[in-house]
Amino acid sequence: MDSDGFLLVTKKKACRKLNKKNEDQISTSCAMDVSASKIQRNINIAIKQLKEERYINNVLQQLSTILDGKKIVKIKCFGIGHFGELDGNGTHQLALLLLLLKHYKIEATIKEPILRQAEIDFINNNFGCKYVAGSVLTDVEISESQKDYVLFFVPHGEDLMYNEILKTHSSENQRKHLILLGNILDDLSVSYKDFSQFTTWKKYYDTSKKIFLPNYNGCFGAFNNTCIMYN
């Protein structure tokens, strides 16, 4: 956790173990080859998979049900983790985000303190995406007079992230126009975790409407235990 309280994401598959001849020497390579061309190539493959499985169609259909004729005016993405490796969760999550931006013709900001410069450059060079430095999660994104929706795109985020976002957007109108793509709190996770510091998040999860995302064969870990929440 950094000084601003943004809990750094460590669960994502950002690193790969490389077995060497000496089995006692196992080093961890955090996607060292993160050239722009490699990132673009693997993002393109992920986009193709999301289209071929009609996964993006499913997500858009579910969002359309929630919107009921209204619009998503912006997307705020937090904690996506490293991306660029084809088998990395973040690669497929970012690919889905880019498809959403293209469909809705809107912009998104991405905040993730652990990203490398090559990843930041890729974000800023993609139409509709902007990297935002820092780790503050308390910026107000939904006004009291808001009539359209803001989508918070936080797949596999930490409880602290959800709690801070929801504490900042706590009024009836803000919650009414907030859509959160985030974690499923199954019985096991609730039983073994202490939510005393995340009561806002737990209460929202318990009372919100939910649409559970289906399994995705392109990268099973990218959207497993993920749902879309709204009031």
# chains A, B, ... in the order shown; residues from 1 in each chain; ligands from 1

$ residues_around --residues "segment 66-72 of chain A" --least-positions-apart "2" --cutoff "12 Å" --atoms "only C-alpha atoms" --output "ChimeraX atom specification"
/A:59-64,74-76,100-101,103-108,142,146-152,176-180,209-211,228-231

$ closest_residue --among "A:Phe83, A:Tyr204, A:Phe212, A:Phe223" --to "Ile114 of chain A" --atoms "only C-alpha atoms"
A:Phe83

$ select_by_dssp --residues "segment 26-226 of chain A" --states "strand (DSSP E or B)" --output "PyMOL selection string"
chain A and resi 26-29+72-78+108-111+129-131+149-153+178-183+209-212+226

$ write_last_selection --atoms "N, CA and C atoms" --output "short mmCIF file (atom, residue, chain, number, x, y, z; two decimals), in the first residue's frame"
data_model
loop_
_atom_site.label_atom_id
_atom_site.label_comp_id
_atom_site.auth_asym_id
_atom_site.auth_seq_id
_atom_site.Cartn_x
_atom_site.Cartn_y
_atom_site.Cartn_z
N ILE A 26 15.25 -20.51 -9.95
CA ILE A 26 14.00 -20.12 -10.62
C ILE A 26 13.85 -18.62 -10.46
N SER A 27 13.91 -17.92 -11.56
CA SER A 27 13.78 -16.46 -11.49
C SER A 27 12.40 -16.06 -11.95
N THR A 28 11.96 -14.92 -11.54
CA THR A 28 10.66 -14.40 -11.93
C THR A 28 10.84 -13.23 -12.87
N SER A 29 10.28 -13.36 -14.07
CA SER A 29 10.39 -12.29 -15.06
C SER A 29 9.06 -11.58 -15.16
N ILE A 72 -23.68 5.87 -20.99
CA ILE A 72 -22.47 5.89 -20.17
C ILE A 72 -21.62 7.03 -20.71
N VAL A 73 -21.31 8.00 -19.87
CA VAL A 73 -20.60 9.19 -20.35
C VAL A 73 -19.09 9.09 -20.14
N LYS A 74 -18.65 8.22 -19.25
CA LYS A 74 -17.21 8.01 -19.07
C LYS A 74 -16.98 6.72 -18.30
N ILE A 75 -15.76 6.21 -18.43
CA ILE A 75 -15.35 5.01 -17.72
C ILE A 75 -14.11 5.32 -16.90
N LYS A 76 -14.14 4.91 -15.65
CA LYS A 76 -12.99 5.07 -14.75
C LYS A 76 -12.45 3.69 -14.42
N CYS A 77 -11.21 3.45 -14.77
CA CYS A 77 -10.61 2.14 -14.56
C CYS A 77 -9.54 2.23 -13.48
N PHE A 78 -9.60 1.32 -12.52
CA PHE A 78 -8.63 1.28 -11.43
C PHE A 78 -8.06 -0.12 -11.28
N ALA A 108 -11.89 7.05 -21.37
CA ALA A 108 -11.65 6.39 -20.09
C ALA A 108 -10.32 6.85 -19.52
N THR A 109 -10.27 6.93 -18.22
CA THR A 109 -8.99 7.15 -17.54
C THR A 109 -8.62 5.87 -16.81
N ILE A 110 -7.33 5.59 -16.78
CA ILE A 110 -6.82 4.39 -16.13
C ILE A 110 -5.82 4.81 -15.06
N LYS A 111 -6.06 4.36 -13.85
CA LYS A 111 -5.16 4.66 -12.74
C LYS A 111 -4.65 3.35 -12.15
N CYS A 129 -8.16 6.69 -24.38
CA CYS A 129 -7.57 6.28 -23.11
C CYS A 129 -6.59 7.33 -22.60
N LYS A 130 -6.56 7.50 -21.31
CA LYS A 130 -5.62 8.42 -20.68
C LYS A 130 -5.16 7.83 -19.36
N TYR A 131 -3.84 7.77 -19.19
CA TYR A 131 -3.30 7.30 -17.92
C TYR A 131 -3.25 8.45 -16.93
N TYR A 149 -24.79 7.75 -16.84
CA TYR A 149 -24.04 6.81 -16.01
C TYR A 149 -22.52 6.98 -16.14
N VAL A 150 -21.84 6.61 -15.06
CA VAL A 150 -20.39 6.44 -15.06
C VAL A 150 -20.10 4.98 -14.72
N LEU A 151 -19.28 4.35 -15.54
CA LEU A 151 -18.91 2.95 -15.30
C LEU A 151 -17.54 2.91 -14.62
N PHE A 152 -17.50 2.30 -13.45
CA PHE A 152 -16.23 2.06 -12.77
C PHE A 152 -15.79 0.64 -13.12
N PHE A 153 -14.70 0.56 -13.87
CA PHE A 153 -14.20 -0.70 -14.42
C PHE A 153 -13.06 -1.18 -13.52
N LEU A 178 -24.27 5.11 -10.93
CA LEU A 178 -22.99 4.41 -10.82
C LEU A 178 -23.16 2.96 -11.22
N ILE A 179 -22.31 2.50 -12.12
CA ILE A 179 -22.24 1.09 -12.49
C ILE A 179 -20.85 0.61 -12.13
N LEU A 180 -20.78 -0.51 -11.44
CA LEU A 180 -19.49 -1.03 -10.98
C LEU A 180 -19.26 -2.43 -11.52
N LEU A 181 -18.21 -2.57 -12.30
CA LEU A 181 -17.80 -3.90 -12.76
C LEU A 181 -16.69 -4.35 -11.82
N GLY A 182 -17.00 -5.35 -10.97
CA GLY A 182 -16.04 -5.73 -9.95
C GLY A 182 -16.22 -7.15 -9.46
N ASN A 183 -15.70 -7.42 -8.29
CA ASN A 183 -15.63 -8.78 -7.75
C ASN A 183 -16.96 -9.31 -7.25
N LYS A 209 -28.10 -4.54 -7.23
CA LYS A 209 -28.49 -5.52 -8.22
C LYS A 209 -27.22 -6.01 -8.91
N LYS A 210 -27.24 -7.27 -9.35
CA LYS A 210 -26.02 -7.86 -9.91
C LYS A 210 -26.32 -8.65 -11.17
N ILE A 211 -25.40 -8.54 -12.12
CA ILE A 211 -25.42 -9.38 -13.30
C ILE A 211 -24.06 -10.08 -13.35
N PHE A 212 -24.06 -11.39 -13.24
CA PHE A 212 -22.80 -12.14 -13.17
C PHE A 212 -22.27 -12.39 -14.58
N THR A 226 -16.60 -12.30 -11.45
CA THR A 226 -16.81 -10.88 -11.76
C THR A 226 -18.28 -10.63 -12.06
#

$ residues_around --residues "Phe195 of chain A" --least-positions-apart "4" --cutoff "12 Å" --atoms "only C-alpha atoms" --output "list in words"
Glu158, Asp159, Leu160, Tyr162, Asn163, Leu185, Ser189, Val190, Ser191, Thr199, Thr200, Trp201, Lys202, Lys203 and Tyr205 of chain A

$ residues_around --residues "Ile56 of chain A" --least-positions-apart "2" --cutoff "12 Å" --atoms "only C-alpha atoms" --output "count of residues only"
30

$ atom_distance --atom1 "atom CA of Tyr55 of chain A" --atom2 "atom CA of Cys227 of chain A"
13.5 Å

$ atom_distance --atom1 "atom CA of Phe198 of chain A" --atom2 "atom CA of Phe220 of chain A"
27.4 Å

$ atom_distance --atom1 "atom CA of Asp121 of chain A" --atom2 "atom CA of Asn89 of chain A"
19.1 Å

$ closest_residue --among "A:Thr91, A:Ser208, A:Gln117, A:Asn57" --to "Ser35 of chain A" --atoms "only C-alpha atoms"
A:Gln117
